[in-house]
$ cat structure-v8.txt   # compact mmCIF, C-alpha atoms
# COMPACT_ATOMS: atom_id res chain seq x y z
CA PRO A 1 1.11 2.06 23.70
CA THR A 2 -0.76 -1.05 22.57
CA ILE A 3 -4.36 -0.48 21.52
CA ASP A 4 -6.63 -3.52 21.87
CA LEU A 5 -9.00 -3.23 18.92
CA LEU A 6 -11.63 -5.62 20.27
CA SER A 7 -12.05 -3.94 23.65
CA ALA A 8 -11.82 -0.46 22.10
CA SER A 9 -14.57 -1.23 19.60
CA LYS A 10 -16.89 -2.21 22.46
CA ASP A 11 -16.51 1.19 24.13
CA LEU A 12 -16.88 3.87 21.45
CA ARG A 13 -16.65 6.91 23.71
CA SER A 14 -14.31 9.85 23.16
CA ASP A 15 -13.33 9.78 26.84
CA SER A 16 -12.69 6.04 27.10
CA GLU A 17 -9.29 5.00 28.41
CA THR A 18 -8.35 3.46 25.06
CA VAL A 19 -9.31 6.54 23.04
CA LEU A 20 -7.39 8.80 25.41
CA SER A 21 -4.33 6.58 25.05
CA LEU A 22 -4.75 6.59 21.28
CA ARG A 23 -5.01 10.38 21.22
CA GLN A 24 -1.79 10.73 23.20
CA ALA A 25 0.06 8.41 20.81
CA CYS A 26 -1.23 10.29 17.76
CA GLN A 27 -0.15 13.62 19.19
CA SER A 28 3.30 12.48 20.33
CA THR A 29 4.84 10.04 17.82
CA GLY A 30 2.06 9.08 15.45
CA PHE A 31 3.02 5.43 16.05
CA PHE A 32 1.43 2.74 18.22
CA TYR A 33 0.82 -1.00 18.36
CA LEU A 34 -2.60 -2.41 17.48
CA LYS A 35 -3.62 -5.82 18.78
CA VAL A 36 -6.39 -7.55 16.86
CA ASP A 37 -8.56 -10.39 18.09
CA SER A 38 -7.51 -13.82 16.84
CA SER A 39 -11.10 -14.62 15.89
CA GLN A 40 -10.92 -11.81 13.34
CA LEU A 41 -7.35 -12.40 12.18
CA SER A 42 -5.29 -15.21 13.64
CA PRO A 43 -1.49 -15.26 13.98
CA GLN A 44 -1.55 -18.56 12.11
CA PHE A 45 -3.20 -16.97 9.10
CA ILE A 46 -0.79 -14.02 9.15
CA SER A 47 2.04 -16.55 9.21
CA SER A 48 0.60 -18.16 6.07
CA VAL A 49 0.57 -14.75 4.36
CA PHE A 50 4.28 -14.38 5.12
CA GLU A 51 4.90 -17.89 3.82
CA GLN A 52 3.23 -17.04 0.52
CA SER A 53 5.19 -13.79 0.34
CA ARG A 54 8.48 -15.64 0.80
CA ASN A 55 7.46 -18.17 -1.84
CA PHE A 56 6.95 -15.42 -4.38
CA PHE A 57 10.16 -13.51 -3.70
CA ARG A 58 12.18 -16.70 -3.98
CA LEU A 59 11.23 -16.92 -7.65
CA PRO A 60 13.91 -15.96 -10.19
CA THR A 61 13.96 -12.26 -11.00
CA ASN A 62 13.08 -12.80 -14.65
CA ILE A 63 9.87 -14.55 -13.53
CA LYS A 64 8.92 -11.92 -10.95
CA GLN A 65 9.39 -9.11 -13.45
CA LYS A 66 6.59 -10.53 -15.61
CA PHE A 67 3.99 -9.63 -13.00
CA THR A 68 3.88 -5.84 -13.01
CA ASP A 69 1.67 -2.93 -14.08
CA SER A 70 3.49 0.40 -13.89
CA GLU A 71 0.38 2.43 -14.76
CA LEU A 72 -1.75 1.13 -11.88
CA ASN A 73 1.29 0.59 -9.64
CA ARG A 74 0.36 -3.06 -9.11
CA GLY A 75 2.34 -6.22 -8.90
CA TYR A 76 6.10 -6.51 -8.67
CA THR A 77 8.45 -3.60 -7.95
CA ALA A 78 12.10 -4.43 -8.45
CA PHE A 79 15.08 -4.09 -6.11
CA GLN A 80 15.99 -0.39 -5.81
CA GLU A 81 13.05 0.71 -8.03
CA GLU A 82 11.78 2.97 -5.25
CA THR A 83 13.74 5.85 -3.70
CA LEU A 84 11.83 7.24 -0.74
CA ASP A 85 14.37 9.86 0.34
CA PRO A 86 15.96 11.12 -2.91
CA SER A 87 17.81 14.02 -1.29
CA ASN A 88 19.71 11.71 1.07
CA GLN A 89 19.98 8.44 -0.87
CA ARG A 90 22.81 7.52 -3.18
CA GLU A 91 20.83 4.58 -4.56
CA GLY A 92 17.31 3.21 -4.41
CA ASP A 93 15.82 1.35 -1.46
CA THR A 94 17.45 -2.06 -1.06
CA LYS A 95 14.15 -3.90 -1.17
CA GLU A 96 11.70 -5.43 -3.64
CA GLY A 97 7.93 -5.41 -3.34
CA TYR A 98 4.54 -6.46 -4.64
CA TYR A 99 1.43 -4.24 -4.69
CA ILE A 100 -2.13 -5.57 -4.33
CA SER A 101 -5.24 -3.41 -4.24
CA ARG A 102 -9.00 -3.64 -4.84
CA ASP A 103 -9.43 -5.90 -7.85
CA VAL A 104 -11.54 -3.96 -10.38
CA PRO A 105 -12.08 -5.64 -13.79
CA LYS A 106 -11.66 -3.56 -16.92
CA ASP A 107 -15.37 -3.94 -17.78
CA ASP A 108 -16.43 -2.60 -14.36
CA GLU A 109 -17.84 0.93 -14.21
CA ALA A 110 -15.35 1.67 -11.42
CA TYR A 111 -12.40 0.93 -13.72
CA ASP A 112 -10.32 4.13 -14.02
CA PRO A 113 -6.53 3.89 -14.31
CA SER A 114 -6.20 7.63 -13.74
CA LYS A 115 -7.51 6.96 -10.22
CA LEU A 116 -5.46 3.77 -9.74
CA SER A 117 -8.66 1.72 -10.00
CA GLY A 118 -8.23 -1.44 -12.00
CA PRO A 119 -7.31 -5.13 -11.94
CA ASN A 120 -4.56 -6.62 -9.86
CA VAL A 121 -1.63 -8.47 -11.36
CA TRP A 122 -1.65 -12.04 -10.12
CA PRO A 123 1.21 -14.51 -10.52
CA THR A 124 0.44 -17.21 -13.05
CA LEU A 125 2.23 -20.38 -14.06
CA PRO A 126 4.18 -20.26 -17.34
CA THR A 127 2.42 -21.43 -20.46
CA SER A 128 3.60 -24.49 -22.36
CA SER A 129 5.89 -22.28 -24.43
CA ASP A 130 7.77 -21.36 -21.27
CA ASP A 131 8.83 -24.88 -20.33
CA SER A 132 12.27 -23.63 -19.39
CA ASP A 133 10.73 -21.67 -16.51
CA LYS A 134 8.64 -24.45 -15.01
CA ASN A 135 11.44 -26.03 -13.04
CA THR A 136 12.18 -22.74 -11.29
CA ILE A 137 8.66 -22.13 -9.93
CA ASN A 138 7.53 -23.31 -6.52
CA LEU A 139 4.35 -21.31 -6.13
CA ASP A 140 0.73 -22.39 -5.89
CA CYS A 141 -0.73 -19.40 -7.72
CA THR A 142 -4.36 -20.22 -6.89
CA LEU A 143 -3.60 -20.51 -3.18
CA TRP A 144 -1.44 -17.38 -3.31
CA LYS A 145 -4.30 -15.31 -4.73
CA THR A 146 -6.82 -16.74 -2.27
CA VAL A 147 -4.64 -15.99 0.75
CA MET A 148 -3.82 -12.45 -0.37
CA ASN A 149 -7.45 -11.62 -1.15
CA GLU A 150 -8.64 -12.87 2.23
CA TYR A 151 -5.93 -10.95 4.07
CA PHE A 152 -6.68 -7.79 2.06
CA ASP A 153 -10.41 -7.99 2.81
CA THR A 154 -9.86 -8.55 6.53
CA LEU A 155 -7.46 -5.62 6.81
CA ASN A 156 -10.03 -3.39 5.12
CA GLU A 157 -12.45 -4.26 7.92
CA ILE A 158 -9.80 -3.59 10.57
CA GLY A 159 -8.81 -0.33 8.89
CA LEU A 160 -12.35 1.01 9.05
CA GLN A 161 -12.66 0.01 12.72
CA LEU A 162 -9.49 1.93 13.49
CA VAL A 163 -10.61 4.99 11.51
CA LYS A 164 -13.71 5.14 13.72
CA LEU A 165 -11.50 5.19 16.83
CA LEU A 166 -9.33 7.89 15.33
CA ALA A 167 -12.40 10.04 14.71
CA LEU A 168 -13.24 9.77 18.40
CA ALA A 169 -9.65 10.63 19.32
CA ILE A 170 -9.96 13.83 17.27
CA GLY A 171 -13.22 14.71 19.02
CA LEU A 172 -15.61 13.78 16.20
CA GLN A 173 -18.43 11.26 15.95
CA SER A 174 -17.09 7.76 15.30
CA ASP A 175 -18.68 7.60 11.84
CA TYR A 176 -17.36 10.97 10.64
CA PHE A 177 -14.87 9.52 8.13
CA VAL A 178 -16.90 6.48 7.04
CA ASP A 179 -18.31 7.98 3.83
CA LYS A 180 -14.81 9.11 2.87
CA PHE A 181 -13.75 5.47 2.69
CA SER A 182 -16.55 4.27 0.43
CA PRO A 183 -14.71 2.77 -1.22
CA PRO A 184 -11.24 3.36 0.20
CA MET A 185 -7.97 3.38 -1.63
CA ALA A 186 -6.33 0.41 0.02
CA PHE A 187 -2.99 -1.11 -0.88
CA LEU A 188 -1.36 -4.24 0.44
CA ARG A 189 2.36 -4.35 -0.19
CA LEU A 190 4.57 -7.38 0.30
CA LEU A 191 8.18 -6.37 0.98
CA HIS A 192 11.41 -8.34 0.93
CA TYR A 193 14.69 -6.91 2.18
CA PRO A 194 17.62 -9.09 1.04
CA LYS A 195 20.88 -9.34 2.97
CA HIS A 196 22.16 -5.92 2.01
CA LYS A 197 23.82 -3.81 4.69
CA SER A 198 22.63 -0.24 5.07
CA ASP A 199 25.11 2.60 5.44
CA PRO A 200 23.30 5.82 6.36
CA GLU A 201 26.47 7.92 6.15
CA LYS A 202 26.87 6.86 2.52
CA GLY A 203 23.19 7.21 1.66
CA VAL A 204 22.40 3.49 1.51
CA PHE A 205 19.11 2.49 3.14
CA ALA A 206 16.90 -0.57 3.10
CA CYS A 207 14.06 1.96 3.02
CA GLY A 208 14.69 5.71 2.88
CA ALA A 209 13.21 8.12 5.40
CA HIS A 210 9.65 9.13 4.56
CA SER A 211 6.21 9.75 5.95
CA ASP A 212 3.30 7.72 4.62
CA TYR A 213 0.97 9.40 2.19
CA GLY A 214 -2.52 8.38 3.26
CA MET A 215 -4.56 7.92 6.43
CA ILE A 216 -3.08 4.97 8.32
CA THR A 217 -0.62 2.14 7.75
CA LEU A 218 -0.89 -1.25 9.47
CA LEU A 219 2.44 -3.06 9.35
CA ALA A 220 2.93 -6.75 9.94
CA THR A 221 6.58 -7.71 10.21
CA ASP A 222 8.72 -10.73 10.87
CA GLU A 223 11.02 -10.93 13.89
CA GLN A 224 13.86 -9.03 12.25
CA PRO A 225 14.50 -5.47 13.50
CA GLY A 226 15.25 -2.51 11.24
CA LEU A 227 12.29 -0.12 11.46
CA GLN A 228 13.19 3.24 13.00
CA ILE A 229 11.13 6.38 13.65
CA TYR A 230 12.33 9.96 13.93
CA ILE A 231 11.56 11.43 17.33
CA ASP A 232 11.94 15.13 18.08
CA GLN A 233 14.21 15.48 21.08
CA GLU A 234 17.34 17.29 22.12
CA GLY A 235 20.19 16.62 19.75
CA ASP A 236 20.03 15.95 16.05
CA GLY A 237 20.96 13.54 13.30
CA ASP A 238 20.91 9.82 14.01
CA ASN A 239 20.54 10.45 17.74
CA CYS A 240 16.85 11.05 16.98
CA TRP A 241 16.26 7.74 15.20
CA VAL A 242 14.62 5.25 17.57
CA ASP A 243 14.24 1.51 16.94
CA VAL A 244 10.72 0.04 16.85
CA PRO A 245 10.81 -3.53 18.24
CA PRO A 246 8.91 -6.03 16.04
CA PRO A 247 5.67 -7.10 17.74
CA PRO A 248 4.32 -10.67 17.71
CA LEU A 249 2.07 -11.74 14.85
CA GLY A 250 -1.44 -10.51 15.55
CA THR A 251 -0.18 -7.12 16.68
CA PHE A 252 0.50 -4.45 14.08
CA VAL A 253 2.77 -1.45 14.07
CA VAL A 254 0.46 1.41 13.10
CA ASN A 255 1.50 4.85 11.93
CA LEU A 256 -0.49 7.84 10.81
CA GLY A 257 -0.16 9.25 7.31
CA ASP A 258 -0.13 12.70 5.72
CA MET A 259 -3.91 12.88 5.23
CA LEU A 260 -4.60 12.64 8.95
CA GLU A 261 -1.90 15.19 9.75
CA ARG A 262 -3.50 17.59 7.26
CA TRP A 263 -7.02 16.99 8.58
CA THR A 264 -5.87 17.74 12.14
CA ASN A 265 -3.66 20.72 11.19
CA GLY A 266 -0.59 18.91 12.46
CA LYS A 267 -1.99 17.91 15.84
CA PHE A 268 -1.83 14.24 14.85
CA ARG A 269 1.58 13.43 13.46
CA SER A 270 2.68 11.72 10.26
CA THR A 271 6.16 10.79 11.40
CA LEU A 272 9.29 10.12 9.38
CA HIS A 273 10.43 6.51 9.48
CA ARG A 274 12.99 4.36 7.69
CA VAL A 275 14.46 0.86 7.61
CA VAL A 276 18.14 0.24 8.32
CA SER A 277 19.48 -3.25 7.76
CA THR A 278 22.52 -4.88 9.36
CA GLY A 279 22.79 -7.12 6.31
CA ASP A 280 22.95 -10.22 8.51
CA SER A 281 19.59 -11.65 7.49
CA GLU A 282 16.65 -11.19 5.18
CA ARG A 283 13.65 -9.21 6.40
CA TYR A 284 10.02 -9.53 5.34
CA SER A 285 7.28 -7.05 6.14
CA ILE A 286 3.75 -6.39 4.88
CA PRO A 287 2.39 -2.86 5.17
CA PHE A 288 -1.29 -2.21 4.49
CA PHE A 289 -2.07 1.35 3.45
CA TYR A 290 -5.64 2.43 4.18
CA GLU A 291 -6.46 5.67 2.41
CA PRO A 292 -9.57 7.79 1.80
CA ASN A 293 -11.41 7.54 -1.50
CA PHE A 294 -9.40 8.99 -4.39
CA ASP A 295 -11.63 12.09 -4.77
CA THR A 296 -11.89 12.87 -1.05
CA VAL A 297 -11.09 16.51 -0.35
CA VAL A 298 -8.68 16.79 2.58
CA ASP A 299 -8.75 20.13 4.36
CA CYS A 300 -8.15 21.11 7.95
CA LEU A 301 -11.07 20.31 10.26
CA ASP A 302 -12.60 23.28 12.05
CA ILE A 303 -12.38 21.40 15.35
CA CYS A 304 -8.59 21.26 14.92
CA ILE A 305 -8.04 25.00 14.48
CA GLU A 306 -7.65 26.89 17.72
CA GLU A 307 -8.47 30.55 18.09
CA GLY A 308 -5.84 32.66 16.35
CA GLU A 309 -4.30 29.62 14.64
CA GLU A 310 -3.90 29.41 10.87
CA LYS A 311 -4.13 26.43 8.57
CA LYS A 312 -0.74 24.81 8.03
CA TYR A 313 -1.61 22.93 4.85
CA ASP A 314 -3.32 23.72 1.57
CA LYS A 315 -6.44 21.85 0.57
CA THR A 316 -5.74 18.70 -1.46
CA THR A 317 -7.35 15.44 -2.49
CA ALA A 318 -6.32 12.03 -1.25
CA GLY A 319 -5.69 10.77 -4.78
CA GLY A 320 -3.86 13.86 -5.98
CA HIS A 321 -1.45 13.72 -3.07
CA LEU A 322 -0.83 10.00 -3.60
CA LEU A 323 -0.11 10.37 -7.32
CA GLU A 324 2.31 13.22 -6.64
CA LYS A 325 4.24 11.10 -4.16
CA TYR A 326 4.32 8.06 -6.46
CA LYS A 327 5.83 10.18 -9.23
CA GLU A 328 8.52 11.44 -6.86
CA THR A 329 9.56 8.05 -5.51
CA HIS A 330 8.80 5.26 -8.03
CA ALA A 331 11.09 5.10 -11.05
CA ASP A 332 8.72 2.86 -13.03
CA PHE A 333 5.42 4.58 -12.23
CA THR A 334 3.58 6.10 -15.21
CA SER A 335 0.39 7.99 -14.36
CA ALA A 336 -2.54 7.28 -16.67
CA ASP A 337 -3.48 10.94 -16.88
CA ASN A 338 0.10 12.19 -17.29
CA VAL A 339 -0.59 14.93 -14.76
$ encode --input "structure-v8.txt" --output "C-alpha cells"
Amino acid sequence: PTIDLLSASKDLRSDSETVLSLRQACQSTGFFYLKVDSSQLSPQFISSVFEQSRNFFRLPTNIKQKFTDSELNRGYTAFQEETLDPSNQREGDTKEGYYISRDVPKDDEAYDPSKLSGPNVWPTLPTSSDDSDKNTINLDCTLWKTVMNEYFDTLNEIGLQLVKLLALAIGLQSDYFVDKFSPPMAFLRLLHYPKHKSDPEKGVFACGAHSDYGMITLLATDEQPGLQIYIDQEGDGDNCWVDVPPPPLGTFVVNLGDMLERWTNGKFRSTLHRVVSTGDSERYSIPFFYEPNFDTVVDCLDICIEEGEEKKYDKTTAGGHLLEKYKETHADFTSADNV
C-alpha cells in the first residue's frame, strides 16, 4: 500500500483507514510506500540530494577514501567493504557508500564514540600541498554539506511522524515511542551501485540479503530497479524474491527493522531484502535509518503477547544490537569499546 503521511497525521486514531492499512502492511511484508507532502520535502529537493550524491561518487577513489572514520562508521565505505549476507556471498556487496549521522562535536557532552556519537566526516577540498588532486574534483563541499544536513534534519522529522503512526498500528498511544527517540540514532547513507552484474547462483550481489537493524528505513531511490524482498509463499529459493518497483521522488520505500519486530514479538515483520543488478546501468539509492536511542531497552511489549504465547526474542538494547551487526558485516568497522 501507499501511506499518505500528511492525511494520516491529521487523523491519529488507531482505527483510521490509514492506520488499519499500515497495520496490515506491517503484519504481511513489513514493506510499504510512504508519500510525503511536497511542502515538507519536495521532489525537486530530493533530486538535488541525488545530484550531490552522484557528484561525490564520481570523485577518484583515492580522494573518496580520505573521507572516512571507521570507529564512528561515518563517511566513505569502499566498494565491497560491506558483506551483508556472509554465508551466501562469495565477495562483498558491489556498492560503495557514505554515512552521515547527527553531527556531535568532540567537545560536546554527547560525544561518545562507543555509542557512535561524534562528528561527521565532510568532504573538503585539497590543501595547497595537494595541487595534483585539484583538477580531479568537481564538488562544491559547502553546498554538499548544506544539502545533506537539511535532508537529514527533514527525514528525522518524517521518521518521528511515522513512528507515531506505527505506535497506533500496534495499539498503543501515538506518543508511546517518542521518548525512546530523544535523541534517535539516525543514519543517512548515500549508496552507489556501479555497472556490476549480480550473479546470485555464484554468490555475487549488489547488496546481500539482510534485514535492517533498527526501527524503520526510509529509502529514496532513482528509477533503476534492483530491490527485492523475500516473501513467504509456496515454493522456495529465488521464486520467493519479489521485485519492488521504484516509486517517484517524494514517495519512499519503507521497511521495518529488527527493533520493531522484537517489540511486537514478530507480529510486525523485519523482512529480508537484497539488491540484484543487471549490470546495465548505475544505480543510486539513499536509505535513511531511523533507530531508537542507543541505550533504549528493546523487549517484547505486553500488548503483543497473546495468552499462552512466549517471547520469541531476548531483551536487547538498540545500540548493542546495531554494534553487533556492524561488526558482522563491515570489514573496516572498529568499535570504540572493543566489545
$ closest_residue --input "structure-v8.txt" --among "A:Gly75, A:Lys267, A:Phe67, A:Leu22" --to "Glu306 in chain A" --atoms "only C-alpha atoms"
A:Lys267
$ residues_around --input "structure-v8.txt" --residues "range 157-166 of chain A" --least-positions-apart "6" --cutoff "7 Å" --atoms "all atoms listed in the file" --output "mmCIF file with C-alpha atoms, keeping the file's coordinate frame"
data_model
loop_
_atom_site.group_PDB
_atom_site.id
_atom_site.type_symbol
_atom_site.label_atom_id
_atom_site.label_comp_id
_atom_site.auth_asym_id
_atom_site.auth_seq_id
_atom_site.Cartn_x
_atom_site.Cartn_y
_atom_site.Cartn_z
ATOM 1 C CA VAL A 19 -9.310 6.540 23.040
ATOM 2 C CA SER A 174 -17.090 7.760 15.300
ATOM 3 C CA ASP A 175 -18.680 7.600 11.840
ATOM 4 C CA TYR A 290 -5.640 2.430 4.180
#
$ residues_around --input "structure-v8.txt" --residues "Trp122 in chain A" --least-positions-apart "6" --cutoff "12 Å" --atoms "only C-alpha atoms" --output "MDAnalysis selection string"
chainID A and resid 56 64:69 74:76 98:101 103 139:149
$ closest_residue --input "structure-v8.txt" --among "A:Phe187, A:Phe205, A:Tyr326, A:Tyr213" --to "Leu260 in chain A" --atoms "all atoms listed in the file"
A:Tyr213
$ atom_distance --input "structure-v8.txt" --atom1 "CA of Ser7 in chain A" --atom2 "CA of Val244 in chain A"
24.1 Å
$ atom_distance --input "structure-v8.txt" --atom1 "CA of Val275 in chain A" --atom2 "CA of Asp243 in chain A"
9.4 Å
$ closest_residue --input "structure-v8.txt" --among "A:Thr278, A:Gly320, A:Asn255, A:Val298" --to "Thr29 in chain A" --atoms "all atoms listed in the file"
A:Asn255
$ atom_distance --input "structure-v8.txt" --atom1 "CA of Ala220 in chain A" --atom2 "CA of Arg189 in chain A"
10.4 Å
$ closest_residue --input "structure-v8.txt" --among "A:Leu41, A:Asp332, A:Thr61, A:Lys197" --to "Thr154 in chain A" --atoms "all atoms listed in the file"
A:Leu41
$ decode --input "structure-v8.txt" --residues "range 114-125 of chain A" --atoms "all heavy atoms" --output "JSON list (two decimals), in the first residue's frame"
[["chain", "number", "residue", "atom", "x", "y", "z"],
["A", 114, "SER", "N", 31.90, 5.23, 21.67],
["A", 114, "SER", "CA", 31.42, 3.88, 21.98],
["A", 114, "SER", "C", 29.93, 3.73, 21.69],
["A", 114, "SER", "O", 29.42, 2.62, 21.55],
["A", 114, "SER", "CB", 31.69, 3.55, 23.45],
["A", 114, "SER", "OG", 30.88, 4.31, 24.32],
["A", 115, "LYS", "N", 29.24, 4.89, 21.59],
["A", 115, "LYS", "CA", 27.81, 4.88, 21.24],
["A", 115, "LYS", "C", 27.58, 5.49, 19.86],
["A", 115, "LYS", "O", 26.46, 5.91, 19.55],
["A", 115, "LYS", "CB", 27.01, 5.63, 22.30],
["A", 115, "LYS", "CG", 27.06, 4.98, 23.68],
["A", 115, "LYS", "CD", 26.20, 5.74, 24.68],
["A", 115, "LYS", "CE", 26.23, 5.03, 26.04],
["A", 115, "LYS", "NZ", 25.38, 5.73, 27.04],
["A", 116, "LEU", "N", 28.61, 5.52, 19.04],
["A", 116, "LEU", "CA", 28.55, 6.04, 17.67],
["A", 116, "LEU", "C", 28.10, 7.50, 17.63],
["A", 116, "LEU", "O", 27.51, 7.95, 16.65],
["A", 116, "LEU", "CB", 27.60, 5.18, 16.81],
["A", 116, "LEU", "CG", 27.95, 3.70, 16.70],
["A", 116, "LEU", "CD1", 26.89, 2.97, 15.86],
["A", 116, "LEU", "CD2", 29.32, 3.51, 16.09],
["A", 117, "SER", "N", 28.39, 8.23, 18.70],
["A", 117, "SER", "CA", 28.02, 9.64, 18.78],
["A", 117, "SER", "C", 29.26, 10.50, 18.64],
["A", 117, "SER", "O", 30.16, 10.48, 19.49],
["A", 117, "SER", "CB", 27.34, 9.93, 20.13],
["A", 117, "SER", "OG", 26.98, 11.29, 20.23],
["A", 118, "GLY", "N", 29.33, 11.23, 17.54],
["A", 118, "GLY", "CA", 30.50, 12.04, 17.27],
["A", 118, "GLY", "C", 30.34, 12.84, 16.00],
["A", 118, "GLY", "O", 29.25, 12.91, 15.42],
["A", 119, "PRO", "N", 31.41, 13.46, 15.53],
["A", 119, "PRO", "CA", 31.33, 14.33, 14.36],
["A", 119, "PRO", "C", 31.22, 13.53, 13.05],
["A", 119, "PRO", "O", 31.74, 12.42, 12.95],
["A", 119, "PRO", "CB", 32.63, 15.12, 14.41],
["A", 119, "PRO", "CG", 33.58, 14.22, 15.14],
["A", 119, "PRO", "CD", 32.75, 13.47, 16.14],
["A", 120, "ASN", "N", 30.57, 14.14, 12.10],
["A", 120, "ASN", "CA", 30.55, 13.58, 10.76],
["A", 120, "ASN", "C", 31.88, 13.82, 10.06],
["A", 120, "ASN", "O", 32.70, 14.62, 10.51],
["A", 120, "ASN", "CB", 29.42, 14.22, 9.92],
["A", 120, "ASN", "CG", 28.06, 13.66, 10.27],
["A", 120, "ASN", "OD1", 27.89, 12.47, 10.46],
["A", 120, "ASN", "ND2", 27.08, 14.55, 10.37],
["A", 121, "VAL", "N", 32.08, 13.11, 8.99],
["A", 121, "VAL", "CA", 33.22, 13.35, 8.10],
["A", 121, "VAL", "C", 32.66, 14.04, 6.86],
["A", 121, "VAL", "O", 31.84, 13.47, 6.14],
["A", 121, "VAL", "CB", 33.91, 12.03, 7.69],
["A", 121, "VAL", "CG1", 35.07, 12.32, 6.75],
["A", 121, "VAL", "CG2", 34.39, 11.28, 8.93],
["A", 122, "TRP", "N", 33.10, 15.27, 6.64],
["A", 122, "TRP", "CA", 32.60, 16.03, 5.49],
["A", 122, "TRP", "C", 33.68, 16.16, 4.42],
["A", 122, "TRP", "O", 34.85, 16.40, 4.76],
["A", 122, "TRP", "CB", 32.15, 17.42, 5.93],
["A", 122, "TRP", "CG", 31.03, 17.41, 6.92],
["A", 122, "TRP", "CD1", 31.10, 17.74, 8.25],
["A", 122, "TRP", "CD2", 29.67, 17.05, 6.68],
["A", 122, "TRP", "NE1", 29.87, 17.61, 8.84],
["A", 122, "TRP", "CE2", 28.97, 17.18, 7.91],
["A", 122, "TRP", "CE3", 28.96, 16.63, 5.55],
["A", 122, "TRP", "CZ2", 27.61, 16.92, 8.04],
["A", 122, "TRP", "CZ3", 27.60, 16.36, 5.68],
["A", 122, "TRP", "CH2", 26.94, 16.51, 6.90],
["A", 123, "PRO", "N", 33.33, 16.00, 3.17],
["A", 123, "PRO", "CA", 34.32, 16.21, 2.10],
["A", 123, "PRO", "C", 34.87, 17.63, 2.15],
["A", 123, "PRO", "O", 34.15, 18.59, 2.40],
["A", 123, "PRO", "CB", 33.51, 15.97, 0.82],
["A", 123, "PRO", "CG", 32.33, 15.16, 1.24],
["A", 123, "PRO", "CD", 32.01, 15.61, 2.64],
["A", 124, "THR", "N", 36.16, 17.74, 1.94],
["A", 124, "THR", "CA", 36.82, 19.05, 1.91],
["A", 124, "THR", "C", 37.72, 19.11, 0.69],
["A", 124, "THR", "O", 38.23, 18.09, 0.21],
["A", 124, "THR", "CB", 37.67, 19.28, 3.18],
["A", 124, "THR", "OG1", 38.59, 18.19, 3.34],
["A", 124, "THR", "CG2", 36.78, 19.39, 4.41],
["A", 125, "LEU", "N", 37.95, 20.31, 0.21],
["A", 125, "LEU", "CA", 38.85, 20.50, -0.92],
["A", 125, "LEU", "C", 40.29, 20.24, -0.49],
["A", 125, "LEU", "O", 40.65, 20.50, 0.66],
["A", 125, "LEU", "CB", 38.72, 21.91, -1.47],
["A", 125, "LEU", "CG", 37.41, 22.24, -2.18],
["A", 125, "LEU", "CD1", 37.36, 23.73, -2.50],
["A", 125, "LEU", "CD2", 37.28, 21.44, -3.47]]
